[in-house]
Amino acid sequence: MKKHTVRFSLNGTPREITVNANELLLNVTREQEKLTGTKYGCGIGECGACTVHVDGRPTLSCLQLAVAVDGAEVVTIEGLAKGRELDPLQKSFLDNNAVQCGYCTPGMIMIGRNLLDENPNPTEEEVRTHMRGQLCRCTGYASITKAVMGAGKCATGDFKIPAE
Amino acid sequence: MYMNTNTRIVSPEFDFIQPKTLAEAFSLLEEHGATAKLLAGGTDLLVQMKMERQQPSHVISLAKVKELEGIKAGDGLTIGATTSISAISKSAPVKARYAALREACNAYSTVSVMLMGTIGGNLCNASPAADTAPALLVHDASVILKTAKATRKVPLKDFFTGPGKTVMQPGEILTAIELPEPARGSGSAFLKISRVVADISQVCAAVMLVRDGDKITDCRIALGSVGPTPVRMKHAVGALIGQRGTPEAFDAAAEIVARDITPITDVRATEKYRRHVARIIVRDALLTAWQRAAEGAAK
């Protein structure tokens with residue numbers, strides 16, 4: 001199997017990596033790039049845990065060949081915060097206690113961010129429709145929905161990632 | 001899904017090629033022959049490769065072939081094969097004139113799959129449950145199949161030959177879907193039953209009615225997940241054309257549909273349940289399409 005050189009932007013940083021044709025963006029992100037925020041859930045496009053943005057578009061990284069993101073801009077959950085300033089949706093998840101085990105959270109936030117970019121003040125129904133592909137086995141859907149609906153109000157929240 | 005499938009990785013090995021033009025794609029298909037697979041959105045093909053149901057020697061991505069993507073509206077509609085389900089659901093001409101197709105796209109799996117998945121991929125995967133197929137069937141769609149040398153236009157009703165099987169020949173690429181302009185006074189609708197909204201359908205149905213006053217002058221009904229292929233219903237349509245569009249007439253037609261379909265019992269639903277809900281969603285879709293036909297005529 002031929003190796004491919006893939007040049008792409010990962011959370012704003014230009015990257016050049018070498019991959020086999022059958023490697024998935026999910027595994028390259030987690031194992032080669034050590035960004036483990038993105039999660040493996042079902043592997044067949046039914047749970048949404050692996051959602052990242054490719055050229056601004058929510059993409060299931062478990063069904064995305066890494067070789068095919070050559071030239072693209074990839075953003076993972078690690079790329080949403082601006083420095084130590086969390087994204088308003090991340091703040092809203094904290095404010096609304098919208099995290100239980102946390103496994104679905106990165107995917108929830110990536111698809112939620114996409115909804116808020118299109119529609120900054122979604123109704124509950126719009127949130128639930130847009131996020132129907134994200135499964136939460138803790139079944140914390142009520143607080144997750146609330147967090148996405150309330151994200152507009154969290155834009156001025158002062159939560160910062162604690163210093164290392 | 002087999003219990004021992006590791007869905008975290010794609011284990012088959014293959015060569016990946018990304019042509020930039022259709023001409024390049026045809027020559028790659030010719031060179032690598034029957035062992036190559038075309039990749040569009042990947043939401044079906046990669047799952048099948050993980051399950052080792054597909055083990056292509058070469059994967060030819062169509063993502064950079066720009067001539068395959070986009071919607072052209074004129075007299076009717078031409079949808080490029082790699083147009084995403086999401087783009088179709090948001091298209092203004094689809095919204096204005098092809099209600100069943102729009103509803104099928106909106107009912108399609110999840111937002112990410114709608115963005116990744118393409119209409120050409122949905123048809124070439126040839127699942128009996130393909131959501132876009134019944135809608136395209138009632139819109140009387142045809143598919144354009146091209147090789148490097150020839151082009152043929154196949155009515156979608158003649159395209160599917162079995163689960164995962166179509167009339168496509170080696171070397172052919174489905175490049176576009178063509179929909180004729182809807183008739184004056186027509187209305188259409190699509191309904192789907194699934195366990196949860198993001199699921200594959202247990203039954204889905206699309207209908208199109210043409211209305212002249214209180215008479216039905218033309219009609220098409222198509223269902224998915226009720227037989228080996230998406231299927232058009234001849235007898236029920238025969239019973240409706242020329243009749244007045246009454247709830248009783250729609251009930252009777254839905255009854256015929258429930259009798260004519262050939263559903264199986266599988267992991268998603270039983271045969272009995274499928275016949276039962278097919279009758280109900282066909283009747284409801286007929287009522288909705290009838291109402292829409294009146295609204296269209298009033299404009």
# chains A, B, ... in the order shown; residues from 1 in each chain; ligands from 1
call {"tool": "residues_around", "arguments": {"residues": "Leu10 of chain A", "least_positions_apart": "5", "cutoff": "10 Å", "atoms": "only C-alpha atoms", "output": "PDB file with N, CA and C atoms, in the first residue's frame"}}
result
ATOM      1  N   ARG A  15       0.139  21.231   9.144  1.00  0.00           N
ATOM      2  CA  ARG A  15       0.718  19.927   9.470  1.00  0.00           C
ATOM      3  C   ARG A  15       1.063  19.197   8.182  1.00  0.00           C
ATOM      4  N   GLU A  16       2.135  18.418   8.240  1.00  0.00           N
ATOM      5  CA  GLU A  16       2.462  17.531   7.120  1.00  0.00           C
ATOM      6  C   GLU A  16       2.690  16.156   7.721  1.00  0.00           C
ATOM      7  N   THR A  29      -5.814  11.768  14.195  1.00  0.00           N
ATOM      8  CA  THR A  29      -5.965  12.849  15.168  1.00  0.00           C
ATOM      9  C   THR A  29      -5.592  12.377  16.566  1.00  0.00           C
ATOM     10  N   GLU A  33      -1.430  12.647  16.162  1.00  0.00           N
ATOM     11  CA  GLU A  33      -1.394  14.043  16.600  1.00  0.00           C
ATOM     12  C   GLU A  33      -1.630  14.190  18.104  1.00  0.00           C
ATOM     13  N   VAL A  54     -14.373  19.763   9.123  1.00  0.00           N
ATOM     14  CA  VAL A  54     -13.464  19.770   7.981  1.00  0.00           C
ATOM     15  C   VAL A  54     -13.942  20.877   7.045  1.00  0.00           C
ATOM     16  N   ALA A  72      -7.151  20.545   3.420  1.00  0.00           N
ATOM     17  CA  ALA A  72      -8.333  21.006   4.163  1.00  0.00           C
ATOM     18  C   ALA A  72      -7.954  21.641   5.500  1.00  0.00           C
ATOM     19  N   GLU A  73      -8.921  22.338   6.090  1.00  0.00           N
ATOM     20  CA  GLU A  73      -8.761  22.862   7.446  1.00  0.00           C
ATOM     21  C   GLU A  73      -9.564  21.989   8.390  1.00  0.00           C
ATOM     22  N   VAL A  74      -8.867  21.343   9.319  1.00  0.00           N
ATOM     23  CA  VAL A  74      -9.540  20.474  10.285  1.00  0.00           C
ATOM     24  C   VAL A  74      -9.535  21.162  11.645  1.00  0.00           C
ATOM     25  N   VAL A  75     -10.685  21.207  12.277  1.00  0.00           N
ATOM     26  CA  VAL A  75     -10.770  21.745  13.640  1.00  0.00           C
ATOM     27  C   VAL A  75     -11.379  20.671  14.536  1.00  0.00           C
ATOM     28  N   THR A  76     -10.700  20.379  15.645  1.00  0.00           N
ATOM     29  CA  THR A  76     -11.207  19.419  16.614  1.00  0.00           C
ATOM     30  C   THR A  76     -11.645  20.191  17.866  1.00  0.00           C
ATOM     31  N   GLU A  78     -10.204  20.487  20.536  1.00  0.00           N
ATOM     32  CA  GLU A  78      -9.057  21.201  21.114  1.00  0.00           C
ATOM     33  C   GLU A  78      -8.850  22.563  20.452  1.00  0.00           C
ATOM     34  N   GLY A  79      -9.454  22.754  19.275  1.00  0.00           N
ATOM     35  CA  GLY A  79      -9.208  23.992  18.532  1.00  0.00           C
ATOM     36  C   GLY A  79     -10.279  25.053  18.732  1.00  0.00           C
TER      37      GLY A  79
END
call {"tool": "residues_around", "arguments": {"residues": "Ile79 of chain B", "least_positions_apart": "4", "cutoff": "8 Å", "atoms": "only C-alpha atoms", "output": "ChimeraX atom specification"}}
result
/B:69-72,83,176-178
call {"tool": "interface_residues", "arguments": {"of": "chain A", "to": "chain B", "cutoff": "7 Å", "atoms": "only C-alpha atoms", "output": "PDB file with N, CA and C atoms, in the first residue's frame"}}
result
ATOM      1  N   MET A   1       0.845  -1.197   0.000  1.00  0.00           N
ATOM      2  CA  MET A   1       0.000   0.000   0.000  1.00  0.00           C
ATOM      3  C   MET A   1       0.884   1.253   0.000  1.00  0.00           C
ATOM      4  N   LYS A   2       0.572   2.141  -0.914  1.00  0.00           N
ATOM      5  CA  LYS A   2       1.373   3.361  -1.072  1.00  0.00           C
ATOM      6  C   LYS A   2       1.143   4.314   0.108  1.00  0.00           C
ATOM      7  N   ALA A  21      -3.246   4.716   2.976  1.00  0.00           N
ATOM      8  CA  ALA A  21      -4.523   5.093   2.377  1.00  0.00           C
ATOM      9  C   ALA A  21      -5.710   4.713   3.268  1.00  0.00           C
ATOM     10  N   ASN A  22      -5.567   3.631   4.054  1.00  0.00           N
ATOM     11  CA  ASN A  22      -6.729   3.170   4.823  1.00  0.00           C
ATOM     12  C   ASN A  22      -6.796   3.751   6.233  1.00  0.00           C
ATOM     13  N   GLU A  23      -5.965   4.770   6.515  1.00  0.00           N
ATOM     14  CA  GLU A  23      -6.038   5.366   7.851  1.00  0.00           C
ATOM     15  C   GLU A  23      -7.153   6.393   7.945  1.00  0.00           C
ATOM     16  N   TYR A  40     -13.787   7.840  19.708  1.00  0.00           N
ATOM     17  CA  TYR A  40     -14.317   6.718  18.921  1.00  0.00           C
ATOM     18  C   TYR A  40     -15.517   6.167  19.660  1.00  0.00           C
ATOM     19  N   CYS A  42     -19.069   4.480  17.813  1.00  0.00           N
ATOM     20  CA  CYS A  42     -19.624   3.310  17.112  1.00  0.00           C
ATOM     21  C   CYS A  42     -18.793   2.911  15.896  1.00  0.00           C
ATOM     22  N   GLY A  43     -18.100   3.874  15.295  1.00  0.00           N
ATOM     23  CA  GLY A  43     -17.303   3.573  14.105  1.00  0.00           C
ATOM     24  C   GLY A  43     -18.103   3.408  12.828  1.00  0.00           C
ATOM     25  N   ILE A  44     -19.419   3.584  12.888  1.00  0.00           N
ATOM     26  CA  ILE A  44     -20.222   3.401  11.671  1.00  0.00           C
ATOM     27  C   ILE A  44     -21.166   4.587  11.414  1.00  0.00           C
ATOM     28  N   GLY A  45     -20.864   5.723  12.023  1.00  0.00           N
ATOM     29  CA  GLY A  45     -21.626   6.923  11.694  1.00  0.00           C
ATOM     30  C   GLY A  45     -22.980   7.019  12.366  1.00  0.00           C
ATOM     31  N   PRO A  58     -19.313  19.903   9.750  1.00  0.00           N
ATOM     32  CA  PRO A  58     -19.235  18.765  10.666  1.00  0.00           C
ATOM     33  C   PRO A  58     -19.005  17.477   9.888  1.00  0.00           C
ATOM     34  N   THR A  59     -18.040  16.704  10.335  1.00  0.00           N
ATOM     35  CA  THR A  59     -17.632  15.491   9.627  1.00  0.00           C
ATOM     36  C   THR A  59     -17.411  14.385  10.645  1.00  0.00           C
ATOM     37  N   LEU A  60     -17.868  13.192  10.300  1.00  0.00           N
ATOM     38  CA  LEU A  60     -17.643  12.036  11.174  1.00  0.00           C
ATOM     39  C   LEU A  60     -16.240  11.514  10.867  1.00  0.00           C
ATOM     40  N   LEU A  63     -15.406   8.005   9.623  1.00  0.00           N
ATOM     41  CA  LEU A  63     -15.736   7.608   8.243  1.00  0.00           C
ATOM     42  C   LEU A  63     -15.037   8.521   7.240  1.00  0.00           C
ATOM     43  N   HIS A 130     -31.156  19.235  15.104  1.00  0.00           N
ATOM     44  CA  HIS A 130     -29.788  19.355  14.584  1.00  0.00           C
ATOM     45  C   HIS A 130     -28.856  18.344  15.247  1.00  0.00           C
ATOM     46  N   ARG A 132     -29.625  15.349  16.470  1.00  0.00           N
ATOM     47  CA  ARG A 132     -30.211  14.004  16.557  1.00  0.00           C
ATOM     48  C   ARG A 132     -29.186  12.905  16.306  1.00  0.00           C
ATOM     49  N   GLY A 133     -28.054  13.259  15.716  1.00  0.00           N
ATOM     50  CA  GLY A 133     -27.037  12.245  15.436  1.00  0.00           C
ATOM     51  C   GLY A 133     -26.011  12.086  16.540  1.00  0.00           C
TER      52      GLY A 133
END
call {"tool": "closest_residue", "arguments": {"among": "A:Lys153, A:Arg113, A:Lys3, A:Lys91", "to": "Ile77 of chain A", "atoms": "only C-alpha atoms"}}
result
A:Arg113
call {"tool": "select_by_dssp", "arguments": {"residues": "segment 95-211 of chain B", "states": "strand (DSSP E)", "output": "number ranges by chain"}}
result
B: 142-146, 151-155, 160-162, 165-166, 173-179, 186-193, 203-211
call {"tool": "select_by_dssp", "arguments": {"residues": "segment 192-261 of chain B", "states": "helix (DSSP H, G or I)", "output": "list in words"}}
result
Lys234, His235, Ala236, Val237, Gly238, Ala239, Leu240, Pro247, Glu248, Ala249, Phe250, Asp251, Ala252, Ala253, Ala254, Glu255, Ile256, Val257, Ala258, Arg259 and Asp260 of chain B
call {"tool": "write_last_selection", "arguments": {"atoms": "C-alpha atoms", "output": "PDB file, in the first residue's frame"}}
result
ATOM      1  CA  LYS B 234     -48.983   0.225 -10.145  1.00  0.00           C
ATOM      2  CA  HIS B 235     -52.337  -1.137  -8.922  1.00  0.00           C
ATOM      3  CA  ALA B 236     -52.975   1.537  -6.306  1.00  0.00           C
ATOM      4  CA  VAL B 237     -52.180   4.231  -8.871  1.00  0.00           C
ATOM      5  CA  GLY B 238     -54.571   2.588 -11.352  1.00  0.00           C
ATOM      6  CA  ALA B 239     -57.301   2.694  -8.719  1.00  0.00           C
ATOM      7  CA  LEU B 240     -56.805   6.439  -8.136  1.00  0.00           C
ATOM      8  CA  PRO B 247     -60.350  10.275   1.941  1.00  0.00           C
ATOM      9  CA  GLU B 248     -62.193   7.057   1.001  1.00  0.00           C
ATOM     10  CA  ALA B 249     -60.369   6.826  -2.344  1.00  0.00           C
ATOM     11  CA  PHE B 250     -57.027   7.381  -0.595  1.00  0.00           C
ATOM     12  CA  ASP B 251     -57.897   4.764   2.038  1.00  0.00           C
ATOM     13  CA  ALA B 252     -58.723   2.236  -0.661  1.00  0.00           C
ATOM     14  CA  ALA B 253     -55.477   2.944  -2.543  1.00  0.00           C
ATOM     15  CA  ALA B 254     -53.451   2.606   0.665  1.00  0.00           C
ATOM     16  CA  GLU B 255     -55.149  -0.734   1.262  1.00  0.00           C
ATOM     17  CA  ILE B 256     -53.983  -1.939  -2.168  1.00  0.00           C
ATOM     18  CA  VAL B 257     -50.417  -0.767  -1.408  1.00  0.00           C
ATOM     19  CA  ALA B 258     -50.384  -2.719   1.873  1.00  0.00           C
ATOM     20  CA  ARG B 259     -51.425  -5.838  -0.060  1.00  0.00           C
ATOM     21  CA  ASP B 260     -49.048  -5.393  -3.034  1.00  0.00           C
TER      22      ASP B 260
END
call {"tool": "residues_around", "arguments": {"residues": "Phe160 of chain B", "least_positions_apart": "3", "cutoff": "12 Å", "atoms": "only C-alpha atoms", "output": "ChimeraX atom specification"}}
result
/B:122-130,133-134,137,142-143,154-157,163-168,224,227-232
call {"tool": "write_last_selection", "arguments": {"atoms": "N, CA and C atoms", "output": "PDB file, in the first residue's frame"}}
result
ATOM      1  N   ASN B 122     -26.245   7.558  -2.487  1.00  0.00           N
ATOM      2  CA  ASN B 122     -27.450   6.940  -1.934  1.00  0.00           C
ATOM      3  C   ASN B 122     -28.096   6.005  -2.958  1.00  0.00           C
ATOM      4  N   LEU B 123     -28.110   6.418  -4.245  1.00  0.00           N
ATOM      5  CA  LEU B 123     -28.723   5.588  -5.287  1.00  0.00           C
ATOM      6  C   LEU B 123     -27.824   4.409  -5.657  1.00  0.00           C
ATOM      7  N   CYS B 124     -26.503   4.656  -5.819  1.00  0.00           N
ATOM      8  CA  CYS B 124     -25.604   3.570  -6.246  1.00  0.00           C
ATOM      9  C   CYS B 124     -25.433   2.509  -5.156  1.00  0.00           C
ATOM     10  N   ASN B 125     -25.573   2.911  -3.891  1.00  0.00           N
ATOM     11  CA  ASN B 125     -25.519   1.934  -2.805  1.00  0.00           C
ATOM     12  C   ASN B 125     -26.710   0.975  -2.899  1.00  0.00           C
ATOM     13  N   ALA B 126     -27.789   1.460  -3.524  1.00  0.00           N
ATOM     14  CA  ALA B 126     -28.950   0.628  -3.876  1.00  0.00           C
ATOM     15  C   ALA B 126     -29.548  -0.115  -2.684  1.00  0.00           C
ATOM     16  N   SER B 127     -29.585   0.551  -1.549  1.00  0.00           N
ATOM     17  CA  SER B 127     -30.277  -0.044  -0.404  1.00  0.00           C
ATOM     18  C   SER B 127     -31.780   0.012  -0.662  1.00  0.00           C
ATOM     19  N   PRO B 128     -32.514  -1.051  -0.315  1.00  0.00           N
ATOM     20  CA  PRO B 128     -33.984  -0.985  -0.449  1.00  0.00           C
ATOM     21  C   PRO B 128     -34.566   0.134   0.422  1.00  0.00           C
ATOM     22  N   ALA B 129     -33.786   0.593   1.407  1.00  0.00           N
ATOM     23  CA  ALA B 129     -34.258   1.611   2.346  1.00  0.00           C
ATOM     24  C   ALA B 129     -33.782   3.014   1.984  1.00  0.00           C
ATOM     25  N   ALA B 130     -33.116   3.196   0.841  1.00  0.00           N
ATOM     26  CA  ALA B 130     -32.596   4.523   0.453  1.00  0.00           C
ATOM     27  C   ALA B 130     -33.724   5.552   0.501  1.00  0.00           C
ATOM     28  N   ALA B 133     -34.758   7.480  -2.792  1.00  0.00           N
ATOM     29  CA  ALA B 133     -35.251   6.739  -3.959  1.00  0.00           C
ATOM     30  C   ALA B 133     -36.773   6.858  -4.169  1.00  0.00           C
ATOM     31  N   PRO B 134     -37.609   6.599  -3.144  1.00  0.00           N
ATOM     32  CA  PRO B 134     -39.055   6.732  -3.398  1.00  0.00           C
ATOM     33  C   PRO B 134     -39.440   8.148  -3.833  1.00  0.00           C
ATOM     34  N   LEU B 137     -38.479   8.592  -7.368  1.00  0.00           N
ATOM     35  CA  LEU B 137     -39.365   7.792  -8.226  1.00  0.00           C
ATOM     36  C   LEU B 137     -40.683   8.522  -8.493  1.00  0.00           C
ATOM     37  N   SER B 142     -34.719  10.382 -13.714  1.00  0.00           N
ATOM     38  CA  SER B 142     -33.851   9.471 -14.462  1.00  0.00           C
ATOM     39  C   SER B 142     -32.421   9.695 -14.000  1.00  0.00           C
ATOM     40  N   VAL B 143     -31.588   8.669 -14.172  1.00  0.00           N
ATOM     41  CA  VAL B 143     -30.175   8.843 -13.840  1.00  0.00           C
ATOM     42  C   VAL B 143     -29.359   8.853 -15.130  1.00  0.00           C
ATOM     43  N   VAL B 154     -31.259   6.479 -17.851  1.00  0.00           N
ATOM     44  CA  VAL B 154     -32.080   5.350 -17.406  1.00  0.00           C
ATOM     45  C   VAL B 154     -33.141   5.863 -16.432  1.00  0.00           C
ATOM     46  N   PRO B 155     -34.427   5.591 -16.716  1.00  0.00           N
ATOM     47  CA  PRO B 155     -35.453   5.962 -15.729  1.00  0.00           C
ATOM     48  C   PRO B 155     -35.146   5.275 -14.400  1.00  0.00           C
ATOM     49  N   LEU B 156     -35.284   6.000 -13.294  1.00  0.00           N
ATOM     50  CA  LEU B 156     -34.919   5.423 -11.995  1.00  0.00           C
ATOM     51  C   LEU B 156     -35.731   4.158 -11.703  1.00  0.00           C
ATOM     52  N   LYS B 157     -36.949   4.089 -12.245  1.00  0.00           N
ATOM     53  CA  LYS B 157     -37.780   2.899 -11.984  1.00  0.00           C
ATOM     54  C   LYS B 157     -37.157   1.639 -12.589  1.00  0.00           C
ATOM     55  N   PRO B 163     -31.152  -5.854  -3.809  1.00  0.00           N
ATOM     56  CA  PRO B 163     -30.434  -5.168  -2.727  1.00  0.00           C
ATOM     57  C   PRO B 163     -28.971  -4.960  -3.116  1.00  0.00           C
ATOM     58  N   GLY B 164     -28.518  -3.704  -3.165  1.00  0.00           N
ATOM     59  CA  GLY B 164     -27.136  -3.401  -3.529  1.00  0.00           C
ATOM     60  C   GLY B 164     -26.847  -3.569  -5.010  1.00  0.00           C
ATOM     61  N   LYS B 165     -27.881  -3.828  -5.820  1.00  0.00           N
ATOM     62  CA  LYS B 165     -27.630  -4.098  -7.250  1.00  0.00           C
ATOM     63  C   LYS B 165     -28.398  -3.121  -8.146  1.00  0.00           C
ATOM     64  N   THR B 166     -27.708  -2.707  -9.224  1.00  0.00           N
ATOM     65  CA  THR B 166     -28.320  -1.790 -10.186  1.00  0.00           C
ATOM     66  C   THR B 166     -27.965  -2.237 -11.598  1.00  0.00           C
ATOM     67  N   VAL B 167     -28.493  -1.528 -12.588  1.00  0.00           N
ATOM     68  CA  VAL B 167     -28.182  -1.862 -13.985  1.00  0.00           C
ATOM     69  C   VAL B 167     -26.824  -1.315 -14.428  1.00  0.00           C
ATOM     70  N   MET B 168     -26.088  -0.686 -13.520  1.00  0.00           N
ATOM     71  CA  MET B 168     -24.818  -0.067 -13.921  1.00  0.00           C
ATOM     72  C   MET B 168     -23.806  -1.110 -14.376  1.00  0.00           C
ATOM     73  N   GLY B 224     -40.152   2.494   0.070  1.00  0.00           N
ATOM     74  CA  GLY B 224     -38.845   1.915   0.377  1.00  0.00           C
ATOM     75  C   GLY B 224     -38.950   0.993   1.577  1.00  0.00           C
ATOM     76  N   GLY B 227     -39.424  -4.280   0.142  1.00  0.00           N
ATOM     77  CA  GLY B 227     -39.127  -5.282  -0.870  1.00  0.00           C
ATOM     78  C   GLY B 227     -37.651  -5.208  -1.196  1.00  0.00           C
ATOM     79  N   PRO B 228     -37.176  -5.984  -2.183  1.00  0.00           N
ATOM     80  CA  PRO B 228     -35.738  -6.005  -2.484  1.00  0.00           C
ATOM     81  C   PRO B 228     -35.198  -4.699  -3.071  1.00  0.00           C
ATOM     82  N   THR B 229     -36.078  -3.873  -3.654  1.00  0.00           N
ATOM     83  CA  THR B 229     -35.662  -2.572  -4.195  1.00  0.00           C
ATOM     84  C   THR B 229     -36.719  -1.538  -3.825  1.00  0.00           C
ATOM     85  N   PRO B 230     -36.364  -0.242  -3.897  1.00  0.00           N
ATOM     86  CA  PRO B 230     -37.412   0.779  -3.836  1.00  0.00           C
ATOM     87  C   PRO B 230     -38.389   0.490  -4.984  1.00  0.00           C
ATOM     88  N   VAL B 231     -39.687   0.673  -4.745  1.00  0.00           N
ATOM     89  CA  VAL B 231     -40.638   0.138  -5.723  1.00  0.00           C
ATOM     90  C   VAL B 231     -41.809   1.084  -5.965  1.00  0.00           C
ATOM     91  N   ARG B 232     -42.221   1.161  -7.239  1.00  0.00           N
ATOM     92  CA  ARG B 232     -43.412   1.941  -7.577  1.00  0.00           C
ATOM     93  C   ARG B 232     -44.639   1.046  -7.550  1.00  0.00           C
TER      94      ARG B 232
END
call {"tool": "residues_around", "arguments": {"residues": "Ala49 of chain A", "least_positions_apart": "6", "cutoff": "8 Å", "atoms": "only C-alpha atoms", "output": "compact mmCIF listing (two decimals) with N, CA and C atoms, in the first residue's frame"}}
result
# COMPACT_ATOMS: atom_id res chain seq x y z
N THR A 38 -11.31 14.08 20.55
CA THR A 38 -12.23 13.44 19.62
C THR A 38 -12.34 11.96 19.97
N LYS A 39 -13.56 11.45 20.08
CA LYS A 39 -13.76 10.09 20.59
C LYS A 39 -14.22 9.10 19.53
N TYR A 40 -13.79 7.84 19.71
CA TYR A 40 -14.32 6.72 18.92
C TYR A 40 -15.52 6.17 19.66
N GLY A 41 -16.67 6.13 18.98
CA GLY A 41 -17.86 5.57 19.61
C GLY A 41 -18.29 4.31 18.89
N TYR A 103 -18.02 11.56 27.57
CA TYR A 103 -17.55 10.90 26.35
C TYR A 103 -18.16 11.51 25.10
N CYS A 104 -19.44 11.87 25.17
CA CYS A 104 -20.12 12.43 23.99
C CYS A 104 -19.87 13.92 23.84
N THR A 105 -19.33 14.55 24.90
CA THR A 105 -19.26 16.02 24.95
C THR A 105 -18.52 16.66 23.77
N PRO A 106 -17.32 16.18 23.40
CA PRO A 106 -16.64 16.83 22.27
C PRO A 106 -17.50 16.84 21.00
N GLY A 107 -18.12 15.70 20.69
CA GLY A 107 -18.98 15.63 19.50
C GLY A 107 -20.18 16.54 19.62
N MET A 108 -20.78 16.55 20.82
CA MET A 108 -21.94 17.41 21.07
C MET A 108 -21.57 18.88 20.82
N GLN A 134 -26.23 12.76 17.68
CA GLN A 134 -25.25 12.66 18.77
C GLN A 134 -25.89 11.85 19.89
N LEU A 135 -25.29 10.72 20.24
CA LEU A 135 -25.86 9.90 21.30
C LEU A 135 -25.13 10.16 22.61
call {"tool": "residues_around", "arguments": {"residues": "Lys149 of chain B", "least_positions_apart": "2", "cutoff": "12 Å", "atoms": "only C-alpha atoms", "output": "list in words"}}
result
Leu22, Ala23, Phe26, Ser27, Glu30, Leu145, Lys146, Thr147, Thr151, Arg152, Gly171, Glu172 and Ile173 of chain B
call {"tool": "atom_distance", "arguments": {"atom1": "atom CA of Ala222 of chain B", "atom2": "atom CA of Glu46 of chain A"}}
result
26.6 Å
call {"tool": "atom_distance", "arguments": {"atom1": "atom CA of Gly120 of chain B", "atom2": "atom CA of Arg53 of chain B"}}
result
20.0 Å
